Every structure is written in C-alpha cells, then in structure tokens.
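What follows is the content of input_27.cif, which has mmCIF, C-alpha atoms:
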```cif
data_target
loop_
_atom_site.label_atom_id
_atom_site.label_comp_id
_atom_site.auth_asym_id
_atom_site.auth_seq_id
_atom_site.Cartn_x
_atom_site.Cartn_y
_atom_site.Cartn_z
CA MET L 1272 -53.78 74.90 -51.80
CA GLU L 1273 -50.25 75.56 -53.14
CA THR L 1274 -48.10 72.62 -54.23
CA ALA L 1275 -44.32 72.70 -54.78
CA PHE L 1276 -42.94 72.67 -58.34
CA THR L 1277 -41.21 69.29 -58.67
CA PRO L 1278 -39.83 69.01 -62.23
CA LEU L 1279 -37.22 66.34 -61.44
CA ALA L 1280 -39.48 64.01 -59.44
CA SER L 1281 -42.24 64.44 -62.03
CA LEU L 1282 -39.86 63.78 -64.92
CA LEU L 1283 -38.46 60.68 -63.19
CA GLY L 1284 -42.01 59.48 -62.47
CA GLY L 1285 -42.96 60.06 -66.10
CA ILE L 1286 -39.92 58.11 -67.31
CA LEU L 1287 -40.94 55.17 -65.09
CA ILE L 1288 -44.53 55.35 -66.44
CA GLY L 1289 -43.14 55.33 -70.00
CA PHE L 1290 -40.79 52.47 -69.18
CA ALA L 1291 -43.66 50.40 -67.70
CA SER L 1292 -45.73 51.06 -70.85
CA VAL L 1293 -42.90 49.83 -73.07
CA ALA L 1294 -42.26 46.79 -70.85
CA LEU L 1295 -45.93 45.72 -70.95
CA MET L 1296 -45.91 45.98 -74.75
CA ALA L 1297 -42.65 44.01 -75.00
CA LEU L 1298 -43.79 41.28 -72.62
CA ASP L 1299 -47.50 40.87 -73.34
CA GLY L 1300 -48.27 43.12 -76.31
CA ARG L 1301 -50.70 45.24 -74.31
CA ILE L 1302 -51.46 48.93 -74.00
CA MET L 1303 -50.71 50.21 -70.48
CA GLY L 1304 -54.07 51.94 -70.07
CA ALA L 1305 -55.60 52.09 -66.60
CA THR L 1306 -59.17 52.27 -67.97
CA GLY L 1307 -58.94 49.18 -70.18
CA ILE L 1308 -57.00 47.13 -67.65
CA LEU L 1309 -59.43 47.92 -64.82
CA SER L 1310 -62.61 47.48 -66.81
CA GLY L 1311 -61.40 44.18 -68.29
CA ALA L 1312 -60.53 42.87 -64.81
CA VAL L 1313 -63.77 43.97 -63.15
CA PHE L 1314 -66.45 43.73 -65.86
CA ASP L 1315 -65.33 41.42 -68.67
CA ARG L 1316 -63.36 38.83 -66.68
CA ARG L 1317 -62.74 36.74 -69.81
CA PRO L 1318 -61.07 33.38 -69.05
CA GLY L 1319 -57.35 33.65 -69.76
CA ASP L 1320 -57.55 37.44 -69.98
CA THR L 1321 -57.97 38.34 -66.33
CA GLY L 1322 -54.89 37.08 -64.46
CA TRP L 1323 -52.46 39.52 -66.08
CA ARG L 1324 -54.83 42.41 -65.37
CA VAL L 1325 -55.07 41.49 -61.69
CA ALA L 1326 -51.27 41.07 -61.46
CA LEU L 1327 -50.77 44.48 -63.05
CA LEU L 1328 -53.35 46.16 -60.79
CA LEU L 1329 -51.77 44.61 -57.68
CA GLY L 1330 -48.40 45.95 -58.82
CA MET L 1331 -49.86 49.43 -59.33
CA VAL L 1332 -51.40 49.43 -55.85
CA SER L 1333 -48.09 48.28 -54.30
CA GLY L 1334 -46.23 51.25 -55.83
CA PRO L 1335 -46.68 53.58 -52.84
CA LEU L 1336 -45.32 50.87 -50.50
CA VAL L 1337 -42.06 50.78 -52.47
CA VAL L 1338 -41.89 54.57 -52.12
CA LEU L 1339 -42.51 54.15 -48.37
CA ALA L 1340 -39.73 51.55 -48.08
CA ALA L 1341 -37.29 53.70 -50.07
CA THR L 1342 -37.98 57.13 -48.60
CA GLY L 1343 -39.63 56.46 -45.24
CA SER L 1344 -42.87 58.16 -46.18
CA LEU L 1345 -45.88 57.41 -48.37
CA PRO L 1346 -46.43 59.60 -51.44
CA ALA L 1347 -48.63 62.63 -50.70
CA VAL L 1348 -52.34 62.31 -51.52
CA GLU L 1349 -53.78 65.74 -50.72
CA VAL L 1350 -57.46 66.14 -51.57
CA PRO L 1351 -58.64 69.75 -51.90
CA VAL L 1352 -62.18 68.71 -52.90
CA THR L 1353 -65.25 67.48 -51.01
CA THR L 1354 -66.34 63.85 -50.76
CA ALA L 1355 -69.32 64.76 -52.94
CA ALA L 1356 -66.89 66.01 -55.62
CA LEU L 1357 -64.97 62.72 -55.44
CA VAL L 1358 -68.19 60.74 -55.95
CA VAL L 1359 -69.62 62.94 -58.71
CA GLY L 1360 -66.22 63.31 -60.40
CA GLY L 1361 -65.59 59.56 -60.15
CA LEU L 1362 -68.95 58.72 -61.74
CA ILE L 1363 -68.36 61.22 -64.55
CA VAL L 1364 -64.81 59.96 -65.15
CA GLY L 1365 -66.12 56.36 -65.27
CA VAL L 1366 -68.69 57.23 -67.92
CA GLY L 1367 -66.26 59.39 -69.90
CA VAL L 1368 -63.33 56.98 -70.07
CA THR L 1369 -65.64 54.10 -71.01
CA LEU L 1370 -67.24 56.02 -73.89
CA GLY L 1371 -63.93 57.60 -74.88
CA SER L 1372 -62.13 54.21 -74.72
CA GLY L 1373 -59.30 55.42 -72.51
CA CYS L 1374 -57.75 57.92 -70.16
CA THR L 1375 -54.47 59.68 -69.43
CA SER L 1376 -52.37 56.51 -69.53
CA GLY L 1377 -53.96 54.72 -72.50
CA HIS L 1378 -54.59 57.72 -74.76
CA GLY L 1379 -52.29 60.33 -73.21
CA VAL L 1380 -49.14 58.19 -72.98
CA CYS L 1381 -49.45 54.97 -75.02
CA GLY L 1382 -51.68 56.29 -77.81
CA MET L 1383 -49.73 59.54 -78.20
CA ALA L 1384 -46.49 57.52 -78.31
CA ARG L 1385 -47.99 55.41 -81.14
CA LEU L 1386 -49.02 58.65 -82.88
CA SER L 1387 -52.63 57.38 -82.93
CA LEU L 1388 -54.90 60.10 -84.30
CA ARG L 1389 -57.75 58.94 -82.03
CA SER L 1390 -55.53 59.22 -78.97
CA ILE L 1391 -54.14 62.62 -79.93
CA VAL L 1392 -57.69 63.96 -80.40
CA ALA L 1393 -58.86 62.31 -77.16
CA THR L 1394 -55.92 63.71 -75.17
CA LEU L 1395 -56.33 67.26 -76.49
CA THR L 1396 -60.07 67.01 -75.77
CA PHE L 1397 -59.80 65.85 -72.17
CA MET L 1398 -56.93 68.23 -71.36
CA VAL L 1399 -58.93 71.21 -72.64
CA ALA L 1400 -62.09 70.00 -70.85
CA THR L 1401 -60.14 69.65 -67.59
CA PHE L 1402 -58.58 73.12 -67.90
CA ILE L 1403 -62.03 74.62 -68.48
CA THR L 1404 -63.63 72.63 -65.64
CA VAL L 1405 -60.95 73.61 -63.11
CA PHE L 1406 -61.26 77.24 -64.20
CA VAL L 1407 -65.04 77.16 -63.79
CA VAL L 1408 -64.94 75.31 -60.45
CA ARG L 1409 -62.22 77.49 -58.92
CA HIS L 1410 -62.73 80.92 -60.48
CA VAL L 1411 -66.33 81.15 -61.71
CA VAL L 1412 -68.38 79.04 -59.27
CA GLY L 1413 -65.93 79.10 -56.36
CA GLY L 1414 -64.39 82.51 -57.12
CA MET R 335 -42.96 33.93 -64.45
CA ARG R 336 -45.17 35.93 -66.85
CA LEU R 337 -47.48 37.12 -64.07
CA VAL R 338 -44.55 37.99 -61.79
CA LEU R 339 -43.00 40.15 -64.52
CA ILE R 340 -46.37 41.80 -65.23
CA TYR R 341 -46.76 42.46 -61.50
CA LEU R 342 -43.34 44.17 -61.58
CA VAL R 343 -44.44 46.25 -64.58
CA GLY R 344 -47.47 47.38 -62.55
CA LEU R 345 -45.15 48.15 -59.65
CA VAL R 346 -42.90 50.34 -61.81
CA PHE R 347 -46.01 52.14 -63.11
CA GLY R 348 -47.29 52.58 -59.53
CA VAL R 349 -43.94 53.94 -58.31
CA GLY R 350 -43.80 56.28 -61.32
CA ILE R 351 -47.31 57.59 -60.64
CA SER R 352 -46.49 57.97 -56.94
CA ILE R 353 -43.32 60.03 -57.34
CA SER R 354 -44.65 61.98 -60.33
CA GLY R 355 -47.52 63.57 -58.36
CA MET R 356 -50.28 62.06 -60.53
CA ALA R 357 -51.71 60.30 -57.45
CA ASN R 358 -52.04 63.64 -55.67
CA PRO R 359 -55.25 65.52 -56.61
CA ALA R 360 -53.93 68.81 -55.16
CA LYS R 361 -51.01 68.69 -57.58
CA VAL R 362 -53.11 67.55 -60.54
CA LEU R 363 -55.71 70.29 -60.04
CA ASN R 364 -52.97 72.91 -59.65
CA PHE R 365 -51.50 71.85 -63.00
CA PHE R 366 -54.83 72.80 -64.59
CA ASP R 367 -55.22 75.99 -62.55
CA ILE R 368 -53.13 78.39 -64.62
CA ALA R 369 -55.19 81.33 -63.40
CA GLY R 370 -54.59 80.39 -59.76
CA THR R 371 -52.09 78.24 -57.83
CA TRP R 372 -50.43 76.91 -61.00
CA ASP R 373 -47.92 74.04 -60.62
CA PRO R 374 -46.53 73.06 -64.06
CA SER R 375 -44.84 69.85 -62.76
CA LEU R 376 -47.17 67.47 -64.53
CA ILE R 377 -46.05 68.56 -67.99
CA PHE R 378 -42.79 66.77 -67.11
CA VAL R 379 -44.74 63.59 -66.30
CA MET R 380 -46.49 63.39 -69.64
CA GLY R 381 -43.40 64.65 -71.49
CA GLY R 382 -41.11 62.07 -69.90
CA ALA R 383 -43.61 59.22 -70.31
CA VAL R 384 -44.46 59.96 -73.96
CA VAL R 385 -40.81 60.37 -75.05
CA VAL R 386 -39.76 57.10 -73.36
CA ALA R 387 -42.80 55.24 -74.75
CA PHE R 388 -42.31 56.72 -78.24
CA ILE R 389 -38.70 55.52 -78.43
CA GLY R 390 -39.35 52.26 -76.59
CA TYR R 391 -42.34 51.27 -78.75
CA ARG R 392 -40.23 51.75 -81.89
CA VAL R 393 -37.70 49.27 -80.54
CA VAL R 394 -40.39 46.81 -79.38
CA PHE R 395 -42.38 46.90 -82.64
CA ARG R 396 -39.29 45.79 -84.57
CA ARG R 397 -39.87 42.36 -83.04
CA ALA R 398 -42.40 40.04 -84.69
CA ALA R 399 -44.26 39.44 -81.43
CA PRO R 400 -44.17 40.15 -77.70
CA VAL R 401 -42.40 37.70 -75.38
CA PHE R 402 -45.50 36.04 -73.89
CA ALA R 403 -48.15 36.50 -76.62
CA ALA R 404 -48.62 35.63 -80.29
CA ASP R 405 -49.37 39.23 -81.35
CA PHE R 406 -49.39 42.81 -80.20
CA SER R 407 -52.96 43.67 -79.07
CA LEU R 408 -53.32 47.15 -80.53
CA PRO R 409 -56.60 49.06 -80.76
CA SER R 410 -58.28 48.47 -84.13
CA ALA R 411 -60.59 51.52 -84.08
CA ARG R 412 -59.47 54.27 -86.45
CA SER R 413 -62.36 56.71 -86.69
CA VAL R 414 -62.44 59.95 -84.73
CA ASP R 415 -66.14 59.95 -83.83
CA LEU R 416 -68.52 61.71 -81.48
CA ARG R 417 -68.26 58.93 -78.93
CA LEU R 418 -64.46 59.36 -78.67
CA VAL R 419 -64.56 63.15 -78.46
CA GLY R 420 -67.68 63.34 -76.27
CA GLY R 421 -66.43 60.62 -73.91
CA SER R 422 -63.04 62.33 -73.60
CA ALA R 423 -64.68 65.69 -72.89
CA VAL R 424 -66.85 64.07 -70.19
CA PHE R 425 -63.73 62.43 -68.72
CA GLY R 426 -62.01 65.84 -68.57
CA ILE R 427 -64.98 67.36 -66.71
CA GLY R 428 -64.86 64.59 -64.09
CA TRP R 429 -61.07 64.84 -63.79
CA GLY R 430 -61.38 68.57 -63.17
CA ILE R 431 -64.02 68.00 -60.48
CA ALA R 432 -62.31 65.17 -58.57
CA GLY R 433 -58.59 65.63 -59.36
CA PHE R 434 -58.05 61.88 -59.83
CA CYS R 435 -57.74 60.09 -63.17
CA PRO R 436 -57.94 56.26 -63.25
CA GLY R 437 -54.16 55.72 -63.53
CA GLY R 438 -53.56 58.15 -60.67
CA ALA R 439 -56.25 56.80 -58.37
CA LEU R 440 -55.35 53.09 -58.59
CA PRO R 441 -51.83 53.50 -57.16
CA ALA R 442 -53.26 56.02 -54.64
CA LEU R 443 -55.28 53.10 -53.19
CA GLY R 444 -51.96 51.74 -51.89
CA THR R 445 -51.52 54.76 -49.62
CA GLY R 446 -54.71 53.78 -47.79
CA ASN R 447 -56.16 57.26 -48.32
CA PRO R 448 -59.98 56.94 -48.13
CA ALA R 449 -60.43 59.54 -50.92
CA ALA R 450 -58.85 57.12 -53.40
CA PHE R 451 -61.26 54.35 -52.37
CA ILE R 452 -64.28 56.66 -52.68
CA PHE R 453 -63.13 57.82 -56.12
CA VAL R 454 -62.41 54.30 -57.42
CA ALA R 455 -65.79 53.02 -56.17
CA ALA R 456 -67.54 55.88 -58.01
CA LEU R 457 -65.30 55.31 -61.06
CA LEU R 458 -66.37 51.65 -61.24
CA ALA R 459 -70.04 52.63 -60.85
CA GLY R 460 -69.66 55.11 -63.71
CA MET R 461 -67.92 52.53 -65.88
CA GLY R 462 -70.71 50.01 -65.20
CA LEU R 463 -73.36 52.62 -65.98
CA ALA R 464 -71.71 53.56 -69.29
CA ARG R 465 -71.46 49.90 -70.30
CA ILE R 466 -75.18 49.39 -69.62
CA LEU R 467 -76.02 52.56 -71.58
CA ALA R 468 -73.75 51.56 -74.47
CA ARG R 469 -75.31 48.09 -74.63
CA ALA R 470 -78.86 49.51 -74.54
CA THR R 471 -78.00 51.90 -77.37
CA ALA R 472 -76.44 49.10 -79.42
CA VAL R 473 -79.54 46.93 -78.98
CA ARG R 474 -81.82 49.79 -79.99
CA GLN R 475 -79.76 50.46 -83.10
CA ARG R 476 -79.82 46.80 -84.06
CA THR R 477 -83.59 46.50 -83.64
CA ALA R 478 -84.36 49.85 -85.26
#
```
Any chance you could give the structure as structure tokens?
Amino acid sequence: METAFTPLASLLGGILIGFASVALMALDGRIMGATGILSGAVFDRRPGDTGWRVALLLGMVSGPLVVLAATGSLPAVEVPVTTAALVVGGLIVGVGVTLGSGCTSGHGVCGMARLSLRSIVATLTFMVATFITVFVVRHVVGG
Amino acid sequence: MRLVLIYLVGLVFGVGISISGMANPAKVLNFFDIAGTWDPSLIFVMGGAVVVAFIGYRVVFRRAAPVFAADFSLPSARSVDLRLVGGSAVFGIGWGIAGFCPGGALPALGTGNPAAFIFVAALLAGMGLARILARATAVRQRTA
C-alpha cells in the first residue's frame, strides 16, 4: 500500500511532539515516554503518581478529535497487516519496551534529546530491528 | 490546574502524533520499507521532535525545578546492558510486524479504529508478561 510523502505535516507533527515533551518536563519534570506513562498508569498505580498519567493519556487519546474538529476528518489509520499480526506484534512490542525501558517517544525523542547513551543505543537498535523485520516480512516471507 | 495542563500536554502530543502519520501503520511500515513502497516522511517527525526537545530541554534544565514538582524525574540507569539492547531489538521486531508503536497506538485509540484497540490490548498483555518474567528472574537471582 502506497502512502503519500508528507514532509510538512510530519515535520509539524514532530515539532508538536517535541513541544509536548518539553512542556511535560517544564511542568512536572517527567519524560514524555508512552511506555513508562502507560505502564505506570495500568500496572504500578502508585498513590499520587497515577492522576497525571491518566490526564496525559486522556489528552493523547483526544488528539484525533481535535484534528477532526479542525479539518473535518479523523487522521488516517490504515492497517496493512492482519489481526493476528496486530496481536503478535502488540505482545512482542509490550515485552520489548518493558525490558528495554522505553520506546520511540521515551528513548527516540526524549532520551536522544538528552543525549543519553542508553537511549541512543536503544533507538539505533530498535530502528535497525524494525528495518530488518519489515524487509523480512515484506520481501523474504511475503515476497 | 496541574492536571488540566498535563491533559493539554497529552493533547498536543496526540495532535502531533495524529498529523505526523505515526498513528498510521501503513505510513510507519512504508518508512521502514526502503526496498518497496518507501515513504521517508517519518524522518521529519523524529527530526522535528528531537531538535525541539533538544533545545527546549536545555532551556528547561536551567531552572532549579519543574513548576509542579520538587525535582526533575530523570532515568538513573546508565549502563548499556543486554536487557536494554535485547529489549529494544524485540520492540523493533514487534513494531515491524504490527506497524504501531506505543506512542502511535494510544492516540490512534481516539479515532475509534478497532486495530488500535486490538494492538493496545496485546501491548498491555505483553507488558504484563514481561513484568512477571522480570520479577521471576529477579527473585531467582536473589535466592541463587
């Protein structure tokens, strides 16, 4: 499935993601990492450490509705994989981000911006692993 | 006031993810498919986000503390170990299979697309599984 090259929309989206990461650090001193925020809200639920996570998650989920209000249509979510791939991929991502202590937002944006060696290594590792996996799925197994 | 502002931060993140294409598995997978239907858009997402965060963090860290907390809660781990590298590699495999990462899938829930709900349910199951495994390993190491 082809998708259109959207450098401006993607750059603007990235700037907003970066801005949100800076704002969360300025306000609450936290890393804007989806893995840590979600797992703290769902699994740890420490008293006094859950409300901000829930507020942040609710904000994230409301994002598409703002796009709908502003543009008249929801952002595209096109899924070129099977339901089985979503389930298997989701399980694997859940294990990986928990062991690796973060994902694209926490390591790839916040950690890279802090020049954290751990995050730079993590980001290079998962980017390479994803490139290889997509190549194998699309051109070796599926080719 | 604090929670309202944090909600708005989440909203800005969710809007950013939505317009960037990170909530769209077709676009994410095409970014990684250089040998096929390559769409390089997502390099602009990470580029824009990292540059803004790099500059913004430098400004924020000049302050003694954040607005609503006594300290900045920064990760204390420093070592590049097998768990970090192995976990990240596993994450990349799953991302390449499903096309969603956690920060992309959570805002995608707001579109009502069932694929996002299926992915997030599996993501939570995987997170729970890894936590049980990590705890079991820690106990075994302590008793060994």
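Distance check against chain L using all atoms listed in the file: of R:Arg474, R:Arg396, R:Arg469, R:Arg417, the minimum falls on R:Arg417.
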Please build the interface table for segment 335-426 of chain R against segment 1360-1364 of chain L with a cut-off of 9 Å, listing for each qualifying residue the nearest atom pair and the distance in Å to one decimal; count only C-alpha atoms, order rows by chain and increasing number, and write it as JSON lines.
```
{"residue": "R:Gly421", "atom": "CA", "partner": "L:Val1364", "partner_atom": "CA", "distance": 8.9}
{"residue": "R:Ser422", "atom": "CA", "partner": "L:Val1364", "partner_atom": "CA", "distance": 9.0}
{"residue": "R:Val424", "atom": "CA", "partner": "L:Ile1363", "partner_atom": "CA", "distance": 6.5}
{"residue": "R:Phe425", "atom": "CA", "partner": "L:Val1364", "partner_atom": "CA", "distance": 4.5}
{"residue": "R:Gly426", "atom": "CA", "partner": "L:Val1364", "partner_atom": "CA", "distance": 7.4}
```
Nearest residue to chain R from the set L:Pro1318, L:Gly1367, L:Gly1304, L:Gly1343 (distances using only C-alpha atoms):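 Answer, going by the shortest atom-to-atom distance: L:Gly1367.
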Using all atoms listed in the file, which residues sit within 8 Å of segment 341-350 of chain R once same-chain residues fewer than 6 positions away are excluded, as an NGL selection string? (:L and (1283-1288 or 1290-1292 or 1294-1295 or 1323 or 1326-1335 or 1337-1338)) or (:R and (441))
Output file for the selection above: C-alpha atoms, as a PDB file, in the frame of the given file:
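So the final result, stored in result.pdb, reads:
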```pdb
ATOM      1  CA  LEU L1283     -38.460  60.680 -63.190  1.00  0.00           C
ATOM      2  CA  GLY L1284     -42.010  59.480 -62.470  1.00  0.00           C
ATOM      3  CA  GLY L1285     -42.960  60.060 -66.100  1.00  0.00           C
ATOM      4  CA  ILE L1286     -39.920  58.110 -67.310  1.00  0.00           C
ATOM      5  CA  LEU L1287     -40.940  55.170 -65.090  1.00  0.00           C
ATOM      6  CA  ILE L1288     -44.530  55.350 -66.440  1.00  0.00           C
ATOM      7  CA  PHE L1290     -40.790  52.470 -69.180  1.00  0.00           C
ATOM      8  CA  ALA L1291     -43.660  50.400 -67.700  1.00  0.00           C
ATOM      9  CA  SER L1292     -45.730  51.060 -70.850  1.00  0.00           C
ATOM     10  CA  ALA L1294     -42.260  46.790 -70.850  1.00  0.00           C
ATOM     11  CA  LEU L1295     -45.930  45.720 -70.950  1.00  0.00           C
ATOM     12  CA  TRP L1323     -52.460  39.520 -66.080  1.00  0.00           C
ATOM     13  CA  ALA L1326     -51.270  41.070 -61.460  1.00  0.00           C
ATOM     14  CA  LEU L1327     -50.770  44.480 -63.050  1.00  0.00           C
ATOM     15  CA  LEU L1328     -53.350  46.160 -60.790  1.00  0.00           C
ATOM     16  CA  LEU L1329     -51.770  44.610 -57.680  1.00  0.00           C
ATOM     17  CA  GLY L1330     -48.400  45.950 -58.820  1.00  0.00           C
ATOM     18  CA  MET L1331     -49.860  49.430 -59.330  1.00  0.00           C
ATOM     19  CA  VAL L1332     -51.400  49.430 -55.850  1.00  0.00           C
ATOM     20  CA  SER L1333     -48.090  48.280 -54.300  1.00  0.00           C
ATOM     21  CA  GLY L1334     -46.230  51.250 -55.830  1.00  0.00           C
ATOM     22  CA  PRO L1335     -46.680  53.580 -52.840  1.00  0.00           C
ATOM     23  CA  VAL L1337     -42.060  50.780 -52.470  1.00  0.00           C
ATOM     24  CA  VAL L1338     -41.890  54.570 -52.120  1.00  0.00           C
TER      25      VAL L1338
ATOM     26  CA  PRO R 441     -51.830  53.500 -57.160  1.00  0.00           C
TER      27      PRO R 441
END
```
Selection under test: the PyMOL selection byres ((chain R and resi 457) around 9); residues as a list in words: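 What the PyMOL selection byres ((chain R and resi 457) around 9) grabs from the file is Val1358, Gly1360, Gly1361, Leu1362, Ile1363, Val1364, Gly1365 and Val1366 of chain L; Pro436, Ile452, Phe453, Val454, Ala455, Ala456, Leu458, Ala459, Gly460, Met461 and Gly462 of chain R.
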Between L:Ala1347, L:Ala1393, L:Met1272, L:Leu1282, which one has atoms that come closest to Val1368 of chain L, using only C-alpha atoms? L:Ala1393
If I take atom CA of Ile368 of chain R and atom CA of Arg1385 of chain L, how far is one from the other in Å, to one decimal? 28.8 Å
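Our summary of the geometry notes that atom CA of Ile427 of chain R is positioned 17.7 Å from atom CA of Gly1377 of chain L.
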Taking 3 positions as the minimum chain separation for residues in the same chain, which residues sit within 12 Å of Pro409 of chain R when counting only C-alpha atoms? Answer as a VMD selection string. (chain L and resid 1300 to 1304 1307 1372 to 1373 1377 to 1378 1381 to 1382 1385 1387 to 1390) or (chain R and resid 406 412 to 413)
Looking at L:Phe1406, L:Leu1386, L:Gly1379, L:Thr1369, which one is nearest to Ile389 of chain R, with distances taken over all atoms listed in the file?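 Ranking L:Phe1406, L:Leu1386, L:Gly1379, L:Thr1369 by distance to Ile389 of chain R, first place goes to L:Leu1386.
Between atom CA of Asp1315 of chain L and atom CA of Gln475 of chain R lies a distance of 22.3 Å.
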Within 6 Å of Phe1402 of chain L, counting only C-alpha atoms, which residues qualify if same-chain residues fewer than 3 places away don't, as a VMD selection string? (chain L and resid 1399 1405) or (chain R and resid 366)
Would you mind exporting the chosen residues as a PDB file, in the frame of the given file, restricted to C-alpha atoms?
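Output (result01.pdb):
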```pdb
ATOM      1  CA  VAL L1399     -58.930  71.210 -72.640  1.00  0.00           C
ATOM      2  CA  VAL L1405     -60.950  73.610 -63.110  1.00  0.00           C
TER       3      VAL L1405
ATOM      4  CA  PHE R 366     -54.830  72.800 -64.590  1.00  0.00           C
TER       5      PHE R 366
END
```
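Residues in contact with Val1348 of chain L at 8 Å, where only C-alpha atoms are counted and same-chain residues fewer than 2 positions away are skipped, are listed as Pro1346 and Val1350 of chain L; Ala357, Asn358, Pro359, Ala360, Ala442, Thr445 and Asn447 of chain R.
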For Ser1310 of chain L, which residue among L:Cys1374, L:Val1380, L:Leu1357, L:Leu1339 is the nearest when counting only C-alpha atoms? L:Cys1374
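All residues of protein, DNA or RNA that reach within 9 Å of Gly1322 of chain L, judged by all atoms listed in the file and not counting those fewer than 5 positions away in the chain, are Ala1312, Arg1316 and Leu1327 of chain L; Leu337 of chain R.
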Could you give me the centre and size, in Å to one decimal, of an axis-aligned box around all listed atoms of segment 1326-1345 of chain L with 4 Å added on every side, as JSON?
```
{"center_x": -45.3, "center_y": 49.6, "center_z": -54.1, "size_x": 24.1, "size_y": 25.1, "size_z": 25.8}
```
Let me make sure I understand: among R:Ala470, R:Ser407, R:Phe451, R:Gly438, which one has the smallest atom-to-atom distance to chain L if we use all atoms listed in the file?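 Checking each candidate against chain L, we get R:Ser407 as the closest.
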Here's the selection I'm unsure about, the PyMOL selection byres ((chain L and resi 1274) around 12); applied to the file above, which residues does it give, as a list in words?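 Applied to this file, the PyMOL selection byres ((chain L and resi 1274) around 12) returns Met1272, Glu1273, Ala1275, Phe1276, Thr1277, Ala1347, Val1348, Glu1349, Val1350 and Pro1351 of chain L; Gly355, Asn358, Pro359, Ala360, Lys361, Val362, Leu363, Asn364, Phe365, Asp367, Gly370, Thr371, Trp372, Asp373, Pro374, Ser375 and Leu376 of chain R.
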